[in-house]
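Coordinates from protein.txt are shown below (compact mmCIF, C-alpha atoms).
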```txt
# COMPACT_ATOMS: atom_id res chain seq x y z
CA MET C 79 90.32 104.70 116.49
CA ALA C 80 93.54 103.43 114.95
CA LEU C 81 94.24 104.32 111.34
CA LEU C 82 94.95 100.80 110.18
CA ASN C 83 91.65 99.52 111.55
CA LEU C 84 89.97 101.71 108.98
CA TYR C 85 91.23 99.49 106.20
CA GLY C 86 88.38 97.24 107.21
CA SER C 87 88.26 94.52 109.84
CA SER C 88 87.87 91.82 107.20
CA ASP C 89 91.17 92.93 105.67
CA ARG C 90 93.10 93.35 108.88
CA LYS C 91 92.29 90.12 110.71
CA ASN C 92 94.47 87.99 108.43
CA VAL C 93 97.48 90.31 108.36
CA VAL C 94 100.80 88.56 108.91
CA ASP C 95 104.09 90.01 110.05
CA LEU C 96 106.34 91.36 107.33
CA PRO C 97 109.99 90.34 107.66
CA SER C 98 112.87 92.71 108.33
CA LYS C 99 114.74 94.21 105.36
CA ASP C 100 117.11 91.23 105.29
CA GLY C 101 114.11 88.94 105.69
CA ILE C 102 112.39 90.55 102.73
CA CYS C 103 115.51 89.93 100.67
CA ALA C 104 115.44 86.26 101.68
CA SER C 105 111.67 85.77 101.61
CA PHE C 106 110.74 87.59 98.43
CA VAL C 107 113.84 87.54 96.23
CA VAL C 108 116.72 85.19 97.10
CA VAL C 109 114.48 82.23 97.88
CA HIS C 110 113.25 82.40 94.28
CA GLY C 111 116.77 82.22 92.86
CA TYR C 112 117.62 85.88 92.31
CA LYS C 113 120.69 87.80 93.41
CA PHE C 114 119.95 90.76 95.68
CA GLN C 115 122.15 93.58 96.96
CA GLU C 116 121.44 96.00 99.83
CA LEU C 117 123.01 99.40 99.13
CA GLU C 118 122.94 102.95 100.48
CA VAL C 119 123.12 106.30 98.72
CA THR C 120 123.88 109.58 100.52
CA THR C 121 122.31 112.76 99.15
CA LYS C 122 124.06 116.13 99.09
CA ASP C 123 121.90 117.27 102.02
CA GLY C 124 122.96 114.23 104.06
CA TYR C 125 120.05 111.77 103.82
CA ILE C 126 121.04 108.12 103.58
CA LEU C 127 118.68 106.33 101.22
CA SER C 128 118.20 102.58 101.04
CA LEU C 129 118.61 101.12 97.56
CA GLN C 130 118.07 97.49 96.55
CA ARG C 131 119.57 95.97 93.43
CA ILE C 132 118.51 92.88 91.51
CA PRO C 133 121.32 92.66 88.95
CA GLU C 134 119.99 89.77 86.88
CA GLY C 135 117.16 87.33 86.43
CA ARG C 136 117.02 83.63 87.23
CA ALA C 137 117.95 82.58 83.71
CA LYS C 138 121.45 83.96 83.19
CA ALA C 139 122.47 84.95 79.70
CA ASN C 140 124.32 82.16 77.91
CA GLY C 141 127.86 83.49 77.82
CA SER C 142 126.65 86.97 76.86
CA VAL C 143 128.81 89.89 77.93
CA THR C 144 126.23 92.49 76.94
CA LYS C 145 125.66 94.98 79.72
CA LYS C 146 122.19 94.87 81.20
CA GLU C 147 120.32 98.15 81.01
CA PRO C 148 119.57 99.64 84.44
CA VAL C 149 116.02 100.43 85.55
CA ILE C 150 115.44 102.69 88.56
CA MET C 151 112.09 102.11 90.27
CA GLN C 152 110.63 104.83 92.51
CA HIS C 153 107.54 104.20 94.62
CA GLY C 154 104.81 106.64 95.68
CA VAL C 155 104.09 108.51 98.89
CA LEU C 156 103.38 106.66 102.20
CA VAL C 157 104.84 103.39 100.89
CA ASP C 158 108.37 102.09 100.25
CA GLY C 159 110.20 100.03 97.66
CA MET C 160 109.25 96.70 99.23
CA THR C 161 105.71 97.16 97.94
CA TRP C 162 106.93 96.29 94.45
CA LEU C 163 107.97 92.80 95.66
CA LEU C 164 104.93 91.53 97.55
CA ASN C 165 103.38 89.56 94.70
CA SER C 166 104.85 86.30 93.37
CA PRO C 167 107.93 86.44 91.08
CA GLU C 168 105.67 85.88 88.11
CA GLN C 169 103.55 88.89 89.07
CA ASN C 170 105.87 91.54 90.51
CA LEU C 171 107.48 94.07 88.24
CA PRO C 172 111.08 94.12 89.57
CA LEU C 173 111.53 90.38 89.06
CA ILE C 174 109.75 90.46 85.71
CA LEU C 175 112.18 93.17 84.59
CA ALA C 176 115.15 91.19 85.92
CA ASP C 177 113.99 88.06 84.07
CA ASN C 178 113.76 90.15 80.90
CA GLY C 179 117.41 91.14 81.10
CA PHE C 180 117.34 94.38 83.08
CA ASP C 181 119.49 95.47 86.02
CA VAL C 182 116.87 96.59 88.56
CA TRP C 183 117.43 99.26 91.23
CA ILE C 184 114.64 99.82 93.79
CA ALA C 185 114.74 103.20 95.52
CA ASN C 186 113.31 104.03 98.95
CA ALA C 187 112.26 107.61 99.65
CA ARG C 188 113.61 109.60 102.58
CA GLY C 189 111.58 109.07 105.74
CA THR C 190 110.44 105.53 104.91
CA LYS C 191 111.35 102.55 107.05
CA TYR C 192 114.82 101.90 105.64
CA SER C 193 115.70 105.50 104.76
CA ARG C 194 115.48 107.11 108.19
CA GLN C 195 119.14 108.06 108.57
CA ARG C 196 120.97 111.31 108.01
CA THR C 197 124.65 112.02 108.41
CA SER C 198 124.08 114.72 111.02
CA LEU C 199 120.57 114.21 112.41
CA ASN C 200 118.44 111.51 114.00
CA SER C 201 114.90 110.93 112.74
CA SER C 202 113.61 111.98 116.18
CA ASP C 203 114.91 115.51 115.48
CA PRO C 204 112.21 117.73 113.90
CA GLU C 205 114.80 119.20 111.52
CA PHE C 206 115.21 115.72 109.99
CA TRP C 207 111.71 116.16 108.56
CA ASN C 208 112.21 119.66 107.14
CA TRP C 209 111.64 118.76 103.50
CA SER C 210 108.97 118.21 100.87
CA TRP C 211 109.02 116.56 97.47
CA ASP C 212 111.03 119.57 96.26
CA GLU C 213 114.03 118.08 98.06
CA MET C 214 113.39 114.72 96.43
CA VAL C 215 113.66 116.51 93.08
CA THR C 216 116.74 118.50 94.09
CA TYR C 217 118.66 115.85 96.05
CA ASP C 218 117.24 112.33 96.04
CA LEU C 219 116.79 111.53 92.37
CA PRO C 220 120.13 113.12 91.36
CA ALA C 221 121.95 111.10 94.05
CA ILE C 222 120.34 107.85 92.91
CA PHE C 223 120.92 108.56 89.22
CA ASP C 224 124.57 109.47 89.85
CA TYR C 225 125.14 106.33 91.93
CA VAL C 226 123.58 103.98 89.39
CA SER C 227 125.34 105.74 86.54
CA ASN C 228 128.70 105.39 88.27
CA GLN C 229 128.05 101.71 88.96
CA THR C 230 126.80 100.78 85.49
CA GLY C 231 128.30 103.34 83.11
CA GLN C 232 125.00 103.47 81.23
CA LYS C 233 122.00 105.68 80.70
CA MET C 234 119.00 104.72 82.76
CA ASN C 235 115.44 103.67 82.29
CA TYR C 236 113.23 105.13 84.98
CA LEU C 237 109.94 103.76 86.28
CA GLY C 238 107.81 105.72 88.73
CA HIS C 239 104.46 105.21 90.37
CA SER C 240 102.36 108.02 91.87
CA LEU C 241 104.70 110.47 93.65
CA GLY C 242 107.54 108.69 91.88
CA THR C 243 106.16 110.12 88.63
CA LEU C 244 105.69 113.63 90.02
CA ILE C 245 109.29 114.07 91.15
CA ALA C 246 110.58 112.76 87.82
CA LEU C 247 108.31 115.03 85.76
CA ALA C 248 109.38 118.01 87.87
CA SER C 249 113.03 117.03 87.49
CA PHE C 250 112.81 116.67 83.72
CA SER C 251 111.03 120.04 83.46
CA GLU C 252 114.11 121.64 85.04
CA MET C 253 116.42 119.67 82.72
CA LYS C 254 117.69 117.59 85.64
CA LEU C 255 118.68 113.97 84.90
CA VAL C 256 117.83 114.16 81.22
CA ASN C 257 121.41 113.56 80.07
CA GLN C 258 121.53 110.35 82.12
CA LEU C 259 118.13 109.12 80.96
CA LYS C 260 117.28 106.61 78.23
CA SER C 261 113.51 106.48 78.82
CA ALA C 262 110.86 106.85 81.51
CA ALA C 263 107.67 104.92 82.31
CA PHE C 264 104.98 106.46 84.50
CA LEU C 265 102.29 104.34 86.19
CA SER C 266 99.36 106.28 87.69
CA PRO C 267 101.07 109.60 86.94
CA ILE C 268 100.58 112.41 89.44
CA ALA C 269 101.08 116.02 88.37
CA TYR C 270 98.07 118.31 88.27
CA LEU C 271 95.42 117.40 90.84
CA ASN C 272 92.47 119.59 89.85
CA ASN C 273 90.12 116.63 89.43
CA MET C 274 91.30 114.25 92.15
CA ASN C 275 88.19 112.35 93.24
CA SER C 276 89.32 111.01 96.60
CA ARG C 277 86.77 112.87 98.71
CA LEU C 278 88.85 112.15 101.81
CA LEU C 279 92.05 113.73 100.48
CA VAL C 280 90.33 116.69 98.85
CA LEU C 281 88.55 117.45 102.11
CA ALA C 282 91.78 117.11 104.11
CA ALA C 283 93.49 119.57 101.75
CA LYS C 284 90.65 122.10 101.87
CA LEU C 285 90.54 121.97 105.66
CA HIS C 286 94.34 122.44 105.86
CA ILE C 287 94.76 119.25 107.86
CA GLY C 288 98.39 119.00 106.75
CA GLU C 289 99.09 122.45 108.16
CA PHE C 290 97.45 121.54 111.48
CA ILE C 291 99.59 118.40 111.71
CA ALA C 292 102.75 120.33 110.75
CA MET C 293 102.18 122.73 113.65
CA ARG C 294 102.31 119.77 116.05
CA ARG C 295 104.60 117.20 114.44
CA ALA C 296 107.38 117.45 111.86
CA GLU C 297 106.93 113.76 110.97
CA PHE C 298 103.65 112.68 109.45
CA ASP C 299 103.13 109.18 110.83
CA PRO C 300 99.92 107.81 109.30
CA LYS C 301 99.81 105.11 111.96
CA GLY C 302 100.11 107.63 114.81
CA SER C 303 97.47 108.89 117.19
CA LEU C 304 97.47 112.46 115.84
CA CYS C 305 96.65 111.30 112.33
CA ALA C 306 93.98 108.97 113.70
CA LYS C 307 92.29 111.87 115.49
CA PHE C 308 92.08 113.98 112.36
CA LEU C 309 90.99 111.00 110.31
CA GLU C 310 88.18 110.24 112.73
CA ILE C 311 86.88 113.77 112.22
CA LEU C 312 87.15 113.60 108.42
CA CYS C 313 85.37 110.28 108.24
CA PHE C 314 82.19 111.79 109.66
CA TYR C 315 81.87 114.27 106.80
CA PRO C 316 79.16 113.58 104.21
CA GLY C 317 80.46 111.69 101.21
CA VAL C 318 83.53 110.30 102.99
CA ASP C 319 83.40 106.50 103.38
CA CYS C 320 86.24 105.18 105.55
CA ARG C 321 85.01 101.61 105.88
CA LYS C 322 87.66 100.67 103.34
CA LEU C 323 90.39 103.24 103.69
CA VAL C 324 92.53 102.04 100.78
CA THR C 325 89.51 102.41 98.50
CA ALA C 326 88.70 105.84 99.94
CA LEU C 327 92.26 106.97 99.21
CA THR C 328 93.11 105.22 95.93
CA GLY C 329 89.87 104.14 94.29
CA PRO C 330 88.28 100.68 93.94
CA ASN C 331 91.24 98.46 93.06
CA CYS C 332 89.98 95.55 91.02
CA CYS C 333 92.72 93.01 90.98
CA LEU C 334 94.69 92.57 94.21
CA ASN C 335 95.88 89.24 95.57
CA SER C 336 94.46 88.86 99.09
CA SER C 337 97.59 87.40 100.71
CA ALA C 338 99.87 90.00 99.12
CA PHE C 339 97.41 92.70 100.11
CA HIS C 340 97.58 91.58 103.75
CA LEU C 341 101.37 91.94 103.59
CA PHE C 342 100.85 95.37 102.06
CA LEU C 343 98.58 96.41 104.94
CA ASN C 344 101.19 95.33 107.45
CA ASN C 345 104.03 97.25 105.79
CA GLU C 346 102.12 100.37 104.78
CA PRO C 347 101.37 103.20 105.22
CA GLN C 348 104.74 104.68 106.12
CA SER C 349 105.94 108.06 107.28
CA THR C 350 106.66 111.13 105.26
CA SER C 351 107.26 114.69 106.41
CA ALA C 352 104.36 116.89 107.45
CA LYS C 353 105.88 119.51 105.14
CA ASN C 354 105.53 117.09 102.23
CA LEU C 355 101.89 116.57 103.14
CA VAL C 356 101.40 120.35 103.16
CA HIS C 357 103.08 120.68 99.76
CA LEU C 358 100.82 118.05 98.22
CA SER C 359 97.81 119.75 99.81
CA GLN C 360 98.86 123.06 98.24
CA THR C 361 98.89 121.35 94.85
CA ILE C 362 95.35 120.03 95.40
CA ARG C 363 94.03 123.41 96.55
CA THR C 364 95.63 125.63 93.92
CA GLY C 365 95.72 123.31 90.92
CA ASP C 366 99.24 124.58 90.19
CA LEU C 367 102.41 122.54 90.14
CA LYS C 368 104.92 124.70 91.98
CA LYS C 369 107.55 124.64 94.67
CA PHE C 370 106.63 124.71 98.34
CA ASP C 371 104.79 127.90 99.33
CA TYR C 372 106.08 129.22 102.66
CA GLY C 373 102.90 131.22 103.13
CA ASN C 374 104.19 134.78 102.96
CA PRO C 375 106.16 136.79 100.40
CA GLN C 376 109.13 137.44 102.68
CA GLU C 377 109.85 133.75 103.33
CA ASN C 378 109.36 132.93 99.68
CA ILE C 379 111.82 135.68 98.74
CA GLU C 380 114.34 134.21 101.18
CA HIS C 381 114.09 130.82 99.48
CA TYR C 382 113.35 131.73 95.85
CA ASN C 383 114.24 135.42 95.43
CA GLN C 384 110.63 136.07 94.48
CA ALA C 385 107.38 136.61 96.36
CA TYR C 386 105.66 133.49 95.03
CA PRO C 387 107.06 129.98 94.59
CA PRO C 388 108.35 129.11 91.11
CA ILE C 389 106.21 126.91 88.91
CA TYR C 390 107.34 123.57 87.53
CA ASN C 391 106.47 124.03 83.86
CA LEU C 392 106.05 120.53 82.48
CA SER C 393 105.91 121.96 78.96
CA ASN C 394 109.68 122.32 79.33
CA ILE C 395 110.22 118.56 79.42
CA PRO C 396 112.42 117.78 76.40
CA HIS C 397 110.17 116.57 73.58
CA ASN C 398 112.50 113.76 72.57
CA ILE C 399 112.54 111.86 75.89
CA PRO C 400 110.84 108.48 75.35
CA LEU C 401 107.85 108.36 77.72
CA PHE C 402 105.36 105.59 78.53
CA ILE C 403 102.23 106.54 80.50
CA SER C 404 99.70 104.06 81.89
CA TYR C 405 96.66 105.21 83.87
CA GLY C 406 93.38 103.78 85.13
CA GLY C 407 89.73 104.67 84.92
CA GLN C 408 89.03 103.98 88.61
CA ASP C 409 92.04 105.81 90.06
CA ALA C 410 91.02 108.30 92.75
CA LEU C 411 94.45 109.97 92.85
CA SER C 412 95.62 109.96 89.24
CA ASP C 413 92.29 111.09 87.83
CA VAL C 414 91.54 110.51 84.17
CA MET C 415 90.91 114.20 83.50
CA ASP C 416 94.16 115.23 85.19
CA VAL C 417 96.18 112.72 83.18
CA LYS C 418 94.52 113.94 79.98
CA ASP C 419 95.39 117.50 81.01
CA LEU C 420 99.03 116.45 81.40
CA ILE C 421 99.09 114.71 78.00
CA ASP C 422 96.95 117.12 75.97
CA ASN C 423 98.24 120.42 77.35
CA TYR C 424 101.75 119.87 78.68
CA LEU C 425 103.01 117.04 76.48
CA LYS C 426 101.12 118.09 73.35
CA PHE C 427 104.32 118.92 71.47
CA HIS C 428 106.10 115.74 72.50
CA ASP C 429 107.57 113.76 69.63
CA VAL C 430 104.82 111.41 68.50
CA ASP C 431 107.11 108.40 68.24
CA LYS C 432 108.48 109.03 71.75
CA LEU C 433 105.16 109.06 73.65
CA SER C 434 103.20 105.86 74.39
CA VAL C 435 99.94 106.06 76.35
CA GLN C 436 97.87 103.23 77.81
CA PHE C 437 94.46 103.50 79.52
CA ILE C 438 92.97 100.66 81.60
CA GLN C 439 89.35 101.30 82.48
CA ASP C 440 89.12 98.93 85.48
CA TYR C 441 92.39 99.87 87.19
CA ALA C 442 92.75 102.02 90.31
CA HIS C 443 95.95 103.30 91.94
CA VAL C 444 97.32 100.18 93.68
CA ASP C 445 96.47 97.84 90.81
CA PHE C 446 99.46 99.18 88.88
CA VAL C 447 101.84 97.95 91.58
CA MET C 448 100.11 94.80 92.83
CA GLY C 449 97.44 93.79 90.33
CA VAL C 450 97.48 90.03 89.69
CA ASN C 451 96.86 90.67 85.98
CA ALA C 452 99.24 93.66 85.72
CA LYS C 453 101.84 91.49 84.01
CA GLU C 454 99.55 90.91 81.05
CA LEU C 455 97.92 94.33 81.00
CA VAL C 456 100.79 96.66 81.93
CA TYR C 457 104.18 95.09 82.61
CA LYS C 458 104.57 93.41 79.22
CA ASN C 459 104.11 96.83 77.66
CA VAL C 460 106.66 98.34 80.04
CA VAL C 461 109.21 95.66 79.11
CA THR C 462 108.57 96.19 75.40
CA PHE C 463 108.92 99.95 75.84
CA PHE C 464 112.22 99.68 77.72
CA LYS C 465 113.60 97.32 75.08
CA ARG C 466 112.89 99.71 72.23
CA LYS C 467 115.89 101.22 70.48
CA PHE C 468 115.07 104.91 70.45
```
Take the structure in this file and express it as structure tokens.
Amino acid sequence: MALLNLYGSSDRKNVVDLPSKDGICASFVVVHGYKFQELEVTTKDGYILSLQRIPEGRAKANGSVTKKEPVIMQHGVLVDGMTWLLNSPEQNLPLILADNGFDVWIANARGTKYSRQRTSLNSSDPEFWNWSWDEMVTYDLPAIFDYVSNQTGQKMNYLGHSLGTLIALASFSEMKLVNQLKSAAFLSPIAYLNNMNSRLLVLAAKLHIGEFIAMRRAEFDPKGSLCAKFLEILCFYPGVDCRKLVTALTGPNCCLNSSAFHLFLNNEPQSTSAKNLVHLSQTIRTGDLKKFDYGNPQENIEHYNQAYPPIYNLSNIPHNIPLFISYGGQDALSDVMDVKDLIDNYLKFHDVDKLSVQFIQDYAHVDFVMGVNAKELVYKNVVTFFKRKF
């Protein structure tokens, strides 16, 4: 049983081929009258990350020399930056931001389709995949922030979805990036996962499926045969409904465009490291937000100089950072109770005028990236937030 077939035969039969990276540039951006730049950023540990830039909107400023504020966009796990662009220009967030005067930078996480290079290793080498989201905190975001800062000379707005929120929250809690940051917007924020209601993912974490995969493969390829075998087993458990896999993973998304969704199914899911999968599973099982646990005190001491992995204390996030949080009532990953835990317990001392929170009852996880009504419900608020003079 192939993983993608589990999205549902009615979804898969109309899937069309997604263009190459250059084709995406032409098909989804340039053809609509936008400039588009393909760039690369090298992290301190040698990973070469793909970065796309949309420096301006279709309507150029009339003789204005005002610098456009940069916005860095970071996607979630098992997808890449192209997912932001699959809807029409009037509906996708990068082009909406560009048309509202922002300089947009779309990041692509290590291990995804266009970020599978390293200065000293090939992606077929198991050592290439020896990382979790800790390394994205330590290396990826700093490299991207430094690059954009050097190119623009400005402080940055940051926008994350899903895992893109987790790595930013963890970074800010360690005082990383905060001096380069103007503001941050989090869509479907992921931090504490005590109440995640994706039965499929909770079961996979409790059964240590990530650890079983890591013993066999360093790369977690969700389209591969090994993943399909484990998924077939999980789907027979009571309460797990895999007839619509996206729904089983993310919740019942209300508002997706069918043609854009078919493109999404063809491009996603994408690879991450098995170690990253294990790290996320540890977070689900323990309820704690901490660095990767190597499983025994000696290995943890070797990496952290202590027997247990250090905790990311989100209470340490500076209280004066402007934050916008938008979350949904149907989200199976960013559960309502977990988001409230983040806001009420870890951001409770945040400056009142620097924290904006939005709740959308009908939205699930993917709606925030591809919802046909997201412009009206979410993106207008994001634009307004980024334009505020804090």
Selected residue, from C:Tyr457, C:Tyr125, C:Tyr225, C:Tyr390, that lies nearest to C:Arg194 when counting all atoms listed in the file: C:Tyr125
The distance between atom CA of C:Asn378 and atom CA of C:Phe298 is 23.2 Å
So which residues touch stretch 409-424 of chain C within 10 Å, counting all atoms listed in the file, skipping near sequence neighbours fewer than 3 positions away, as a count of residues only? 45
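In terms of minimum interatomic distance to C:Gln436, C:Leu455 ranks closest within C:Leu455, C:Cys332, C:Cys305, C:Ile184, counting all atoms listed in the file.
Using all atoms listed in the file for every distance, the candidate list C:Lys233, C:Asp177, C:Gly154, C:Asn208 yields C:Asp177 as the residue closest to C:Lys113.
Note that atom CA of C:Asn344 and atom CA of C:Glu310 are 20.5 Å apart.
Separating atom CA of C:Gly302 from atom CA of C:Phe339 is a distance of 21.1 Å.
Minimum distance to C:Asp203 across C:Asp371, C:Glu297, C:Asp431, C:Asp366 (counting only C-alpha atoms) occurs at C:Glu297.
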Could you give me stretch 416-432 of chain C completed to N, CA, C and O atoms, formatted as a compact mmCIF listing (two decimals), in the coordinates of the input?
```
# COMPACT_ATOMS: atom_id res chain seq x y z
N ASP C 416 92.85 114.62 84.90
CA ASP C 416 94.16 115.23 85.19
C ASP C 416 95.26 114.64 84.30
O ASP C 416 96.16 115.36 83.87
N VAL C 417 95.19 113.34 84.07
CA VAL C 417 96.18 112.72 83.18
C VAL C 417 96.00 113.25 81.75
O VAL C 417 96.98 113.55 81.05
N LYS C 418 94.76 113.39 81.32
CA LYS C 418 94.52 113.94 79.98
C LYS C 418 95.01 115.38 79.89
O LYS C 418 95.53 115.81 78.85
N ASP C 419 94.86 116.13 80.98
CA ASP C 419 95.39 117.50 81.01
C ASP C 419 96.90 117.49 80.82
O ASP C 419 97.45 118.29 80.05
N LEU C 420 97.58 116.57 81.53
CA LEU C 420 99.03 116.45 81.40
C LEU C 420 99.41 116.13 79.95
O LEU C 420 100.31 116.78 79.38
N ILE C 421 98.73 115.16 79.35
CA ILE C 421 99.09 114.71 78.00
C ILE C 421 98.71 115.74 76.94
O ILE C 421 99.51 116.09 76.07
N ASP C 422 97.48 116.26 77.04
CA ASP C 422 96.95 117.12 75.97
C ASP C 422 97.50 118.54 76.02
O ASP C 422 97.62 119.20 74.97
N ASN C 423 97.83 119.02 77.23
CA ASN C 423 98.24 120.42 77.35
C ASN C 423 99.72 120.62 77.61
O ASN C 423 100.30 121.63 77.18
N TYR C 424 100.35 119.68 78.31
CA TYR C 424 101.75 119.87 78.68
C TYR C 424 102.70 118.98 77.89
O TYR C 424 103.89 119.29 77.80
N LEU C 425 102.18 117.90 77.32
CA LEU C 425 103.01 117.04 76.48
C LEU C 425 102.52 117.06 75.03
O LEU C 425 102.87 116.18 74.24
N LYS C 426 101.76 118.08 74.67
CA LYS C 426 101.12 118.09 73.35
C LYS C 426 102.12 118.24 72.21
O LYS C 426 101.82 117.87 71.07
N PHE C 427 103.31 118.78 72.51
CA PHE C 427 104.32 118.92 71.47
C PHE C 427 105.39 117.83 71.54
O PHE C 427 106.41 117.91 70.87
N HIS C 428 105.13 116.82 72.38
CA HIS C 428 106.10 115.74 72.50
C HIS C 428 106.19 114.98 71.18
O HIS C 428 105.19 114.81 70.47
N ASP C 429 107.40 114.53 70.86
CA ASP C 429 107.57 113.76 69.63
C ASP C 429 106.62 112.57 69.63
O ASP C 429 106.57 111.78 70.59
N VAL C 430 105.87 112.43 68.56
CA VAL C 430 104.82 111.41 68.50
C VAL C 430 105.38 110.01 68.69
O VAL C 430 104.78 109.17 69.38
N ASP C 431 106.54 109.74 68.13
CA ASP C 431 107.11 108.40 68.24
C ASP C 431 107.82 108.17 69.57
O ASP C 431 108.35 107.08 69.80
N LYS C 432 107.82 109.17 70.44
CA LYS C 432 108.48 109.03 71.75
C LYS C 432 107.47 109.02 72.90
O LYS C 432 107.88 109.00 74.06
```
